[in-house]
file start25.json (JSON, C-alpha atoms)
[["chain", "number", "residue", "atom", "x", "y", "z"],
["A", 1, "MET", "CA", -75.07, 44.40, 22.12],
["A", 2, "ALA", "CA", -73.14, 47.49, 21.02],
["A", 3, "ASP", "CA", -73.43, 48.42, 17.35],
["A", 4, "ALA", "CA", -69.83, 49.06, 16.26],
["A", 5, "ALA", "CA", -71.02, 51.19, 13.34],
["A", 6, "LYS", "CA", -72.65, 53.65, 15.73],
["A", 7, "ILE", "CA", -69.82, 53.95, 18.31],
["A", 8, "PRO", "CA", -67.75, 57.13, 17.85],
["A", 9, "THR", "CA", -64.01, 56.75, 17.43],
["A", 10, "LEU", "CA", -61.50, 58.38, 19.78],
["A", 11, "PRO", "CA", -59.02, 60.89, 18.35],
["A", 12, "PRO", "CA", -55.58, 59.25, 17.87],
["A", 13, "GLU", "CA", -53.95, 61.16, 20.73],
["A", 14, "THR", "CA", -56.76, 60.26, 23.13],
["A", 15, "ALA", "CA", -56.68, 56.64, 22.02],
["A", 16, "ALA", "CA", -52.93, 56.55, 22.72],
["A", 17, "ALA", "CA", -53.46, 57.96, 26.22],
["A", 18, "PHE", "CA", -56.26, 55.43, 26.76],
["A", 19, "ALA", "CA", -53.98, 52.55, 25.76],
["A", 20, "GLU", "CA", -51.24, 53.86, 28.06],
["A", 21, "PHE", "CA", -53.74, 54.03, 30.91],
["A", 22, "ALA", "CA", -54.95, 50.47, 30.26],
["A", 23, "ARG", "CA", -51.38, 49.15, 30.19],
["A", 24, "ALA", "CA", -50.63, 50.95, 33.46],
["A", 25, "CYS", "CA", -53.76, 49.37, 34.97],
["A", 26, "LYS", "CA", -52.61, 45.94, 33.86],
["A", 27, "ALA", "CA", -49.13, 46.38, 35.31],
["A", 28, "ALA", "CA", -50.42, 47.77, 38.61],
["A", 29, "ALA", "CA", -53.00, 45.00, 38.93],
["A", 30, "ARG", "CA", -50.29, 42.38, 38.45],
["A", 31, "ALA", "CA", -48.03, 44.01, 41.02],
["A", 32, "VAL", "CA", -50.81, 44.36, 43.61],
["A", 33, "ALA", "CA", -51.83, 40.73, 43.14],
["A", 34, "LEU", "CA", -48.33, 39.22, 43.20],
["A", 35, "TYR", "CA", -46.29, 41.20, 45.73],
["A", 36, "PRO", "CA", -46.68, 41.95, 49.44],
["A", 37, "GLY", "CA", -47.98, 45.41, 50.28],
["A", 38, "THR", "CA", -44.54, 46.91, 51.06],
["A", 39, "HIS", "CA", -42.85, 45.71, 47.88],
["A", 40, "PRO", "CA", -41.37, 48.64, 45.91],
["A", 41, "ALA", "CA", -42.81, 47.33, 42.62],
["A", 42, "ILE", "CA", -46.29, 48.15, 43.87],
["A", 43, "GLY", "CA", -45.43, 51.77, 44.57],
["A", 44, "VAL", "CA", -43.74, 52.19, 41.21],
["A", 45, "SER", "CA", -46.61, 50.66, 39.20],
["A", 46, "LEU", "CA", -49.29, 52.55, 41.13],
["A", 47, "GLY", "CA", -47.37, 55.79, 40.62],
["A", 48, "ARG", "CA", -47.33, 55.20, 36.86],
["A", 49, "LEU", "CA", -51.05, 54.44, 36.91],
["A", 50, "ALA", "CA", -51.75, 57.67, 38.79],
["A", 51, "GLN", "CA", -49.71, 59.59, 36.20],
["A", 52, "ALA", "CA", -51.54, 57.92, 33.32],
["A", 53, "THR", "CA", -54.83, 58.77, 35.03],
["A", 54, "THR", "CA", -53.83, 62.42, 35.33],
["A", 55, "ARG", "CA", -52.97, 62.60, 31.62],
["A", 56, "LEU", "CA", -56.24, 60.99, 30.57],
["A", 57, "ALA", "CA", -58.21, 63.22, 32.95],
["A", 58, "GLU", "CA", -56.51, 66.40, 31.75],
["A", 59, "LYS", "CA", -59.88, 67.89, 30.75],
["A", 60, "GLY", "CA", -61.79, 66.48, 33.71],
["A", 61, "ALA", "CA", -63.25, 63.21, 34.93],
["A", 62, "PHE", "CA", -63.62, 60.41, 32.39],
["A", 63, "ARG", "CA", -65.98, 57.45, 32.28],
["A", 64, "LEU", "CA", -65.19, 53.88, 31.26],
["A", 65, "GLN", "CA", -68.13, 51.79, 30.03],
["A", 66, "VAL", "CA", -68.21, 48.10, 29.22],
["A", 67, "GLN", "CA", -70.55, 47.29, 26.32],
["A", 68, "ALA", "CA", -70.61, 43.83, 24.76],
["A", 69, "GLY", "CA", -66.96, 43.24, 25.59],
["A", 70, "VAL", "CA", -65.88, 46.65, 24.27],
["A", 71, "LEU", "CA", -64.42, 49.23, 26.65],
["A", 72, "LEU", "CA", -65.54, 52.76, 25.81],
["A", 73, "LEU", "CA", -63.98, 55.99, 27.00],
["A", 74, "ASP", "CA", -66.70, 58.62, 27.43],
["A", 75, "GLY", "CA", -68.84, 56.72, 24.92],
["A", 76, "ALA", "CA", -66.14, 56.33, 22.25],
["A", 77, "ALA", "CA", -63.78, 53.49, 21.34],
["A", 78, "ALA", "CA", -60.23, 53.29, 20.07],
["A", 79, "ALA", "CA", -60.07, 52.56, 16.34],
["A", 80, "ARG", "CA", -57.43, 49.90, 17.00],
["A", 81, "PRO", "CA", -57.78, 48.92, 20.66],
["A", 82, "ASP", "CA", -54.62, 47.96, 22.50],
["A", 83, "PRO", "CA", -54.86, 44.41, 23.92],
["A", 84, "ALA", "CA", -54.60, 45.92, 27.40],
["A", 85, "ILE", "CA", -57.87, 47.80, 26.79],
["A", 86, "GLY", "CA", -59.62, 44.53, 26.02],
["A", 87, "GLU", "CA", -58.12, 42.88, 29.12],
["A", 88, "LEU", "CA", -59.31, 45.76, 31.30],
["A", 89, "ALA", "CA", -62.81, 45.40, 29.83],
["A", 90, "GLU", "CA", -62.74, 41.69, 30.67],
["A", 91, "VAL", "CA", -61.69, 42.34, 34.28],
["A", 92, "LEU", "CA", -64.40, 44.95, 34.82],
["A", 93, "SER", "CA", -67.04, 42.76, 33.19],
["A", 94, "ARG", "CA", -66.01, 39.72, 35.23],
["A", 95, "HIS", "CA", -66.67, 41.71, 38.39],
["A", 96, "THR", "CA", -69.99, 43.03, 36.97],
["A", 97, "ILE", "CA", -68.74, 46.61, 36.71],
["A", 98, "GLY", "CA", -70.68, 48.27, 33.92],
["A", 99, "ALA", "CA", -69.15, 51.72, 34.29],
["A", 100, "LEU", "CA", -66.28, 53.34, 36.14],
["A", 101, "THR", "CA", -65.97, 57.11, 36.51],
["A", 102, "VAL", "CA", -62.43, 58.26, 37.21],
["A", 103, "ASN", "CA", -61.94, 61.71, 38.67],
["A", 104, "ALA", "CA", -58.74, 63.67, 38.17],
["A", 105, "ALA", "CA", -58.02, 63.30, 41.90],
["A", 106, "ALA", "CA", -57.74, 59.50, 41.69],
["A", 107, "ASP", "CA", -54.44, 58.71, 43.39],
["A", 108, "ALA", "CA", -52.28, 55.65, 43.90],
["A", 109, "GLU", "CA", -54.02, 54.61, 47.11],
["A", 110, "SER", "CA", -57.47, 54.74, 45.50],
["A", 111, "TRP", "CA", -56.26, 52.53, 42.69],
["A", 112, "ARG", "CA", -54.57, 50.13, 45.11],
["A", 113, "THR", "CA", -57.84, 49.67, 47.00],
["A", 114, "LEU", "CA", -59.81, 48.97, 43.82],
["A", 115, "LEU", "CA", -57.18, 46.68, 42.33],
["A", 116, "LEU", "CA", -57.05, 44.62, 45.53],
["A", 117, "LEU", "CA", -60.80, 44.05, 45.18],
["A", 118, "LEU", "CA", -60.44, 43.16, 41.50],
["A", 119, "ALA", "CA", -57.67, 40.68, 42.38],
["A", 120, "ARG", "CA", -60.20, 38.61, 44.32],
["A", 121, "THR", "CA", -62.36, 36.04, 42.57],
["A", 122, "PRO", "CA", -65.83, 37.22, 41.50],
["A", 123, "GLU", "CA", -67.31, 34.50, 43.71],
["A", 124, "GLU", "CA", -65.54, 35.86, 46.80],
["A", 125, "VAL", "CA", -66.63, 39.39, 46.00],
["A", 126, "ARG", "CA", -70.27, 38.35, 45.51],
["A", 127, "ALA", "CA", -70.20, 36.38, 48.77],
["A", 128, "ASP", "CA", -69.15, 39.55, 50.60],
["A", 129, "GLY", "CA", -71.99, 41.62, 49.17],
["A", 130, "GLY", "CA", -70.82, 42.51, 45.68],
["A", 131, "ILE", "CA", -68.31, 44.94, 44.23],
["A", 132, "ALA", "CA", -70.47, 48.05, 44.70],
["A", 133, "HIS", "CA", -71.06, 47.27, 48.37],
["A", 134, "LEU", "CA", -67.38, 46.61, 49.04],
["A", 135, "TRP", "CA", -66.29, 49.74, 47.21],
["A", 136, "ALA", "CA", -68.80, 51.85, 49.12],
["A", 137, "THR", "CA", -67.22, 50.53, 52.32],
["A", 138, "ALA", "CA", -63.53, 50.65, 51.43],
["A", 139, "GLY", "CA", -63.24, 53.01, 48.48],
["A", 140, "GLY", "CA", -63.30, 56.75, 48.03],
["A", 141, "PRO", "CA", -65.05, 59.39, 45.89],
["A", 142, "SER", "CA", -62.26, 59.67, 43.32],
["A", 143, "LEU", "CA", -63.43, 56.44, 41.68],
["A", 144, "GLU", "CA", -67.15, 55.81, 41.17],
["A", 145, "LEU", "CA", -68.33, 52.45, 39.89],
["A", 146, "VAL", "CA", -71.70, 51.21, 38.70],
["A", 147, "GLU", "CA", -72.44, 47.53, 39.22],
["A", 148, "ILE", "CA", -74.53, 45.69, 36.64],
["A", 149, "ASP", "CA", -77.72, 44.27, 38.16],
["A", 150, "TYR", "CA", -77.86, 40.99, 36.26],
["A", 151, "ALA", "CA", -81.04, 39.99, 38.05],
["A", 152, "GLU", "CA", -82.74, 43.07, 36.59],
["A", 153, "VAL", "CA", -81.20, 42.40, 33.17],
["A", 154, "LEU", "CA", -82.56, 38.85, 33.31],
["A", 155, "ARG", "CA", -86.01, 40.12, 34.28],
["A", 156, "GLU", "CA", -85.98, 42.53, 31.34],
["A", 157, "LYS", "CA", -84.93, 39.78, 28.94],
["A", 158, "GLN", "CA", -87.63, 37.46, 30.25],
["A", 159, "GLY", "CA", -90.24, 40.21, 29.87],
["A", 160, "GLU", "CA", -89.05, 40.95, 26.34],
["A", 161, "ALA", "CA", -89.13, 37.25, 25.42],
["A", 162, "ALA", "CA", -92.72, 37.03, 26.69],
["A", 163, "THR", "CA", -93.66, 40.08, 24.60],
["A", 164, "ILE", "CA", -92.14, 38.53, 21.47],
["A", 165, "GLU", "CA", -94.06, 35.31, 22.06],
["A", 166, "GLN", "CA", -97.30, 37.26, 22.51],
["A", 167, "VAL", "CA", -96.73, 39.34, 19.37],
["A", 168, "ILE", "CA", -95.91, 36.27, 17.29],
["A", 169, "ALA", "CA", -99.04, 34.47, 18.52],
["A", 170, "ALA", "CA", -101.18, 37.51, 17.64],
["A", 171, "ALA", "CA", -99.60, 37.84, 14.18],
["A", 172, "LEU", "CA", -100.30, 34.18, 13.44],
["A", 173, "ALA", "CA", -103.89, 34.44, 14.67],
["A", 174, "GLY", "CA", -105.23, 36.62, 11.87],
["A", 175, "PRO", "CA", -104.92, 39.80, 9.81],
["A", 176, "GLN", "CA", -105.79, 42.10, 12.73],
["A", 177, "LEU", "CA", -103.05, 42.26, 15.36],
["A", 178, "GLN", "CA", -104.95, 42.03, 18.66],
["A", 179, "LEU", "CA", -102.71, 43.50, 21.36],
["A", 180, "ASP", "CA", -103.32, 45.88, 24.25],
["A", 181, "ASP", "CA", -101.58, 49.26, 24.33],
["A", 182, "SER", "CA", -98.92, 48.17, 26.85],
["A", 183, "THR", "CA", -97.87, 45.33, 24.55],
["A", 184, "PHE", "CA", -97.88, 47.67, 21.55],
["A", 185, "GLU", "CA", -95.60, 50.00, 23.51],
["A", 186, "ALA", "CA", -93.25, 47.09, 24.20],
["A", 187, "LEU", "CA", -93.38, 46.17, 20.50],
["A", 188, "LEU", "CA", -92.54, 49.76, 19.60],
["A", 189, "ARG", "CA", -89.47, 49.64, 21.85],
["A", 190, "ILE", "CA", -88.38, 46.44, 20.14],
["A", 191, "ALA", "CA", -88.92, 48.06, 16.73],
["A", 192, "GLY", "CA", -86.66, 50.92, 17.80],
["A", 193, "ASP", "CA", -83.73, 48.52, 18.22],
["A", 194, "PRO", "CA", -82.58, 47.13, 14.83],
["A", 195, "GLU", "CA", -81.11, 43.98, 16.36],
["A", 196, "LYS", "CA", -84.22, 43.19, 18.41],
["A", 197, "LEU", "CA", -86.55, 43.92, 15.49],
["A", 198, "GLN", "CA", -84.52, 41.59, 13.30],
["A", 199, "GLN", "CA", -84.76, 38.90, 15.98],
["A", 200, "LEU", "CA", -88.54, 39.33, 16.18],
["A", 201, "LEU", "CA", -89.07, 39.12, 12.42],
["A", 202, "THR", "CA", -86.78, 36.09, 12.14],
["A", 203, "GLN", "CA", -88.62, 34.30, 14.94],
["A", 204, "LEU", "CA", -91.96, 35.16, 13.33],
["A", 205, "GLU", "CA", -90.86, 33.79, 9.96],
["A", 206, "GLU", "CA", -89.67, 30.57, 11.65],
["A", 207, "ALA", "CA", -92.87, 30.22, 13.69],
["A", 208, "ALA", "CA", -95.01, 30.62, 10.55],
["A", 209, "ALA", "CA", -92.93, 28.20, 8.48],
["A", 210, "LYS", "CA", -95.54, 25.41, 8.63],
["A", 211, "THR", "CA", -98.19, 27.71, 7.12],
["A", 212, "GLY", "CA", -96.27, 27.94, 3.85],
["A", 213, "PRO", "CA", -95.01, 31.05, 2.00],
["A", 214, "GLU", "CA", -98.43, 32.72, 1.89],
["A", 215, "GLY", "CA", -99.05, 32.15, 5.60],
["A", 216, "LYS", "CA", -95.60, 33.49, 6.54],
["A", 217, "ALA", "CA", -96.12, 36.65, 4.50],
["A", 218, "ALA", "CA", -99.60, 37.12, 5.98],
["A", 219, "ALA", "CA", -98.19, 36.90, 9.52],
["A", 220, "VAL", "CA", -95.47, 39.43, 8.76],
["A", 221, "LEU", "CA", -97.97, 41.81, 7.17],
["A", 222, "SER", "CA", -100.26, 41.45, 10.19],
["A", 223, "LEU", "CA", -97.44, 42.45, 12.52],
["A", 224, "LEU", "CA", -96.29, 45.38, 10.39],
["A", 225, "ARG", "CA", -99.83, 46.60, 9.75],
["A", 226, "GLY", "CA", -100.66, 46.49, 13.47],
["A", 227, "LEU", "CA", -97.47, 48.33, 14.38],
["A", 228, "VAL", "CA", -98.07, 51.05, 11.79],
["A", 229, "ASP", "CA", -101.69, 51.46, 12.86],
["A", 230, "TYR", "CA", -100.62, 51.92, 16.47],
["A", 231, "VAL", "CA", -97.88, 54.42, 15.63],
["A", 232, "ALA", "CA", -100.24, 56.34, 13.31],
["A", 233, "ARG", "CA", -102.75, 56.55, 16.13],
["A", 234, "THR", "CA", -100.41, 57.47, 18.98],
["A", 235, "ARG", "CA", -97.40, 59.26, 17.48],
["A", 236, "PRO", "CA", -97.74, 59.80, 13.70],
["A", 237, "ASP", "CA", -94.55, 61.86, 13.62],
["A", 238, "GLN", "CA", -92.61, 58.61, 14.08],
["A", 239, "LEU", "CA", -94.13, 56.78, 11.10],
["A", 240, "GLU", "CA", -91.27, 57.56, 8.74],
["A", 241, "ASN", "CA", -88.72, 56.27, 11.23],
["A", 242, "ILE", "CA", -90.70, 53.04, 11.72],
["A", 243, "PHE", "CA", -90.81, 52.51, 7.94],
["A", 244, "LYS", "CA", -87.03, 52.91, 7.79],
["A", 245, "GLN", "CA", -86.44, 50.51, 10.68],
["A", 246, "VAL", "CA", -88.67, 47.85, 9.16],
["A", 247, "GLY", "CA", -87.10, 48.40, 5.74],
["A", 248, "ARG", "CA", -83.63, 47.72, 7.07],
["A", 249, "ALA", "CA", -84.79, 44.62, 8.94],
["A", 250, "ALA", "CA", -86.58, 43.30, 5.84],
["A", 251, "GLY", "CA", -83.23, 43.00, 4.09],
["A", 252, "ALA", "CA", -82.66, 39.71, 5.92],
["A", 253, "PHE", "CA", -85.88, 38.08, 4.67],
["A", 254, "SER", "CA", -85.52, 35.05, 2.46],
["A", 255, "ALA", "CA", -86.04, 35.50, -1.29],
["A", 256, "GLU", "CA", -89.20, 33.40, -0.95],
["A", 257, "MET", "CA", -90.58, 35.75, 1.71],
["A", 258, "MET", "CA", -89.71, 38.79, -0.38],
["A", 259, "ALA", "CA", -91.58, 37.42, -3.38],
["A", 260, "GLU", "CA", -94.66, 36.54, -1.33],
["A", 261, "LEU", "CA", -94.75, 39.95, 0.35],
["A", 262, "LEU", "CA", -94.62, 41.61, -3.06],
["A", 263, "ALA", "CA", -97.46, 39.37, -4.23],
["A", 264, "GLN", "CA", -99.63, 40.23, -1.22],
["A", 265, "ALA", "CA", -98.84, 43.96, -1.00],
["A", 266, "ASP", "CA", -101.90, 45.10, -2.97],
["A", 267, "LYS", "CA", -104.42, 42.75, -1.41],
["A", 268, "PRO", "CA", -107.12, 44.30, 0.81],
["A", 269, "ASP", "CA", -105.70, 42.53, 3.88],
["A", 270, "ALA", "CA", -102.41, 44.36, 3.38],
["A", 271, "MET", "CA", -104.10, 47.71, 3.97],
["A", 272, "ALA", "CA", -103.97, 49.34, 7.34],
["A", 273, "GLY", "CA", -106.31, 52.22, 6.72],
["A", 274, "THR", "CA", -105.64, 55.82, 5.88],
["A", 275, "THR", "CA", -103.56, 57.86, 8.29],
["A", 276, "LYS", "CA", -102.22, 61.36, 8.30],
["A", 277, "SER", "CA", -98.64, 62.27, 9.04],
["A", 278, "GLY", "CA", -98.15, 66.01, 8.94],
["A", 279, "THR", "CA", -99.86, 67.20, 5.76],
["A", 280, "THR", "CA", -99.36, 63.99, 3.81],
["A", 281, "GLU", "CA", -102.03, 61.27, 3.67],
["A", 282, "SER", "CA", -100.79, 57.73, 3.20],
["A", 283, "LYS", "CA", -102.29, 54.28, 3.22],
["A", 284, "ALA", "CA", -99.98, 53.04, 5.94],
["A", 285, "GLY", "CA", -99.42, 49.35, 5.88],
["A", 286, "ALA", "CA", -99.68, 48.52, 2.18],
["A", 287, "TYR", "CA", -96.24, 47.01, 2.10],
["A", 288, "GLY", "CA", -94.06, 46.08, -0.84],
["A", 289, "VAL", "CA", -90.64, 44.66, -0.06],
["A", 290, "ALA", "CA", -87.85, 45.01, -2.60],
["A", 291, "SER", "CA", -84.20, 45.90, -2.54],
["A", 292, "SER", "CA", -84.18, 45.35, 1.22],
["A", 293, "LYS", "CA", -86.80, 48.06, 1.78],
["A", 294, "VAL", "CA", -90.43, 48.15, 2.78],
["A", 295, "GLY", "CA", -92.35, 50.55, 0.58],
["A", 296, "VAL", "CA", -95.71, 52.15, 1.33],
["A", 297, "ASN", "CA", -98.29, 52.37, -1.45],
["A", 298, "VAL", "CA", -99.78, 55.85, -1.56]]
call {"tool": "encode", "arguments": {"input": "start25.json", "output": "structure tokens"}}
result
Amino acid sequence: MADAAKIPTLPPETAAAFAEFARACKAAARAVALYPGTHPAIGVSLGRLAQATTRLAEKGAFRLQVQAGVLLLDGAAAARPDPAIGELAEVLSRHTIGALTVNAAADAESWRTLLLLLARTPEEVRADGGIAHLWATAGGPSLELVEIDYAEVLREKQGEAATIEQVIAAALAGPQLQLDDSTFEALLRIAGDPEKLQQLLTQLEEAAAKTGPEGKAAAVLSLLRGLVDYVARTRPDQLENIFKQVGRAAGAFSAEMMAELLAQADKPDAMAGTTKSGTTESKAGAYGVASSKVGVNV
């Protein structure tokens, strides 16, 4: 899911051109879908779309990306998206188009070919081989689309879910997180994504609920200690970033969990050994959680 706080905002003039382009797309798509091929309304609407494309591509090709229902232009979003931008995102997403690169040479005929494909139902398109296959056959180089491989996305999600289950089981098993390096690497990738890390910690707290407050805190400390130990051993330069990530995620802990983590922070089991990061020695893993941050006792 896209983090709105991290998505750059388009300059007002670019956002206006983007909205104009999206509205032209909407009008041309309607005309192509409703009228026979020789109807003058199609030529007029496609001509306006080609002009809007030229204005938006004044500095070169541009790329549209669909992320969590938001349509980005070269990685940035309009501060106040026009409804037509949202509708264009929905159409692209419905046809599993994750990205569309539009070159300055995109003309009316190129758009007509693509819009005819988008006017079909997603089921019909998939039955004929998918949008990327059909575009490779009928389209041209002025428009380049990337189809989302949902089968691959599903495989990645299933693999991630299995990793989370394995990590939770290991954290509940005892103070030493017993995982192989490949699983630690997967855990590190999860820790690098604030949303996924939050999901992991929430699931861990829920899974440990029957062990009581002390057991829940012990499981969380086991996970954090194991993660810090692995990072300290393999890439100590990333320790500070890991502390920050975990600190932000800890802000969602219950007050009960916060209090228990504070109570356990100085116990021997909360220690993860002494590591070096640059020239500073720290006892990584002696966690105290307060004010939505995880502190390290040094």
call {"tool": "closest_residue", "arguments": {"input": "start25.json", "among": "A:Phe253, A:Leu200, A:His133, A:Glu185", "to": "Ala161 in chain A", "atoms": "only C-alpha atoms"}}
result
A:Leu200
call {"tool": "closest_residue", "arguments": {"input": "start25.json", "among": "A:Leu204, A:Leu92, A:Val231, A:Ile7", "to": "Ala22 in chain A", "atoms": "all atoms listed in the file"}}
result
A:Leu92
call {"tool": "residues_near_point", "arguments": {"input": "start25.json", "point": "(-53.8, 57.0, 21.8)", "cutoff": "12 Å", "atoms": "only C-alpha atoms", "output": "number ranges by chain"}}
result
A: 9-23, 52, 55-56, 73, 77-82, 85
call {"tool": "residues_near_point", "arguments": {"input": "start25.json", "point": "(-52.3, 54.2, 43.8)", "cutoff": "10 Å", "atoms": "only C-alpha atoms", "output": "PyMOL selection string"}}
result
chain A and resi 28+32+42-51+106-115
call {"tool": "closest_residue", "arguments": {"input": "start25.json", "among": "A:Leu145, A:Leu223, A:Ala207, A:Ala99", "to": "Gln178 in chain A", "atoms": "all atoms listed in the file"}}
result
A:Leu223
call {"tool": "atom_distance", "arguments": {"input": "start25.json", "atom1": "CA of Leu71 in chain A", "atom2": "CA of Ala29 in chain A"}}
result
17.3 Å
call {"tool": "residues_around", "arguments": {"input": "start25.json", "residues": "Arg94 in chain A", "least_positions_apart": "6", "cutoff": "12 Å", "atoms": "only C-alpha atoms", "output": "VMD selection string"}}
result
chain A and resid 66 69 87 to 88 118 to 123 125 to 126 130 to 131 147 to 148 150
call {"tool": "residues_around", "arguments": {"input": "start25.json", "residues": "Ala209 in chain A", "least_positions_apart": "5", "cutoff": "12 Å", "atoms": "all atoms listed in the file", "output": "VMD selection string"}}
result
chain A and resid 172 202 to 204 214 to 220 254 256 to 257
call {"tool": "write_last_selection", "arguments": {"input": "start25.json", "atoms": "C-alpha atoms", "output": "CSV table (one decimal), in the frame of the given file"}}
result
chain,number,residue,atom,x,y,z
A,172,LEU,CA,-100.3,34.2,13.4
A,202,THR,CA,-86.8,36.1,12.1
A,203,GLN,CA,-88.6,34.3,14.9
A,204,LEU,CA,-92.0,35.2,13.3
A,214,GLU,CA,-98.4,32.7,1.9
A,215,GLY,CA,-99.0,32.2,5.6
A,216,LYS,CA,-95.6,33.5,6.5
A,217,ALA,CA,-96.1,36.6,4.5
A,218,ALA,CA,-99.6,37.1,6.0
A,219,ALA,CA,-98.2,36.9,9.5
A,220,VAL,CA,-95.5,39.4,8.8
A,254,SER,CA,-85.5,35.0,2.5
A,256,GLU,CA,-89.2,33.4,-1.0
A,257,MET,CA,-90.6,35.8,1.7
call {"tool": "residues_around", "arguments": {"input": "start25.json", "residues": "Val146 in chain A", "least_positions_apart": "3", "cutoff": "8 Å", "atoms": "all atoms listed in the file", "output": "list of chain:residue names"}}
result
A:Ile97, A:Gly98, A:Ala99, A:Leu100, A:Ala132
call {"tool": "atom_distance", "arguments": {"input": "start25.json", "atom1": "CA of Ala76 in chain A", "atom2": "CA of Pro8 in chain A"}}
result
4.8 Å
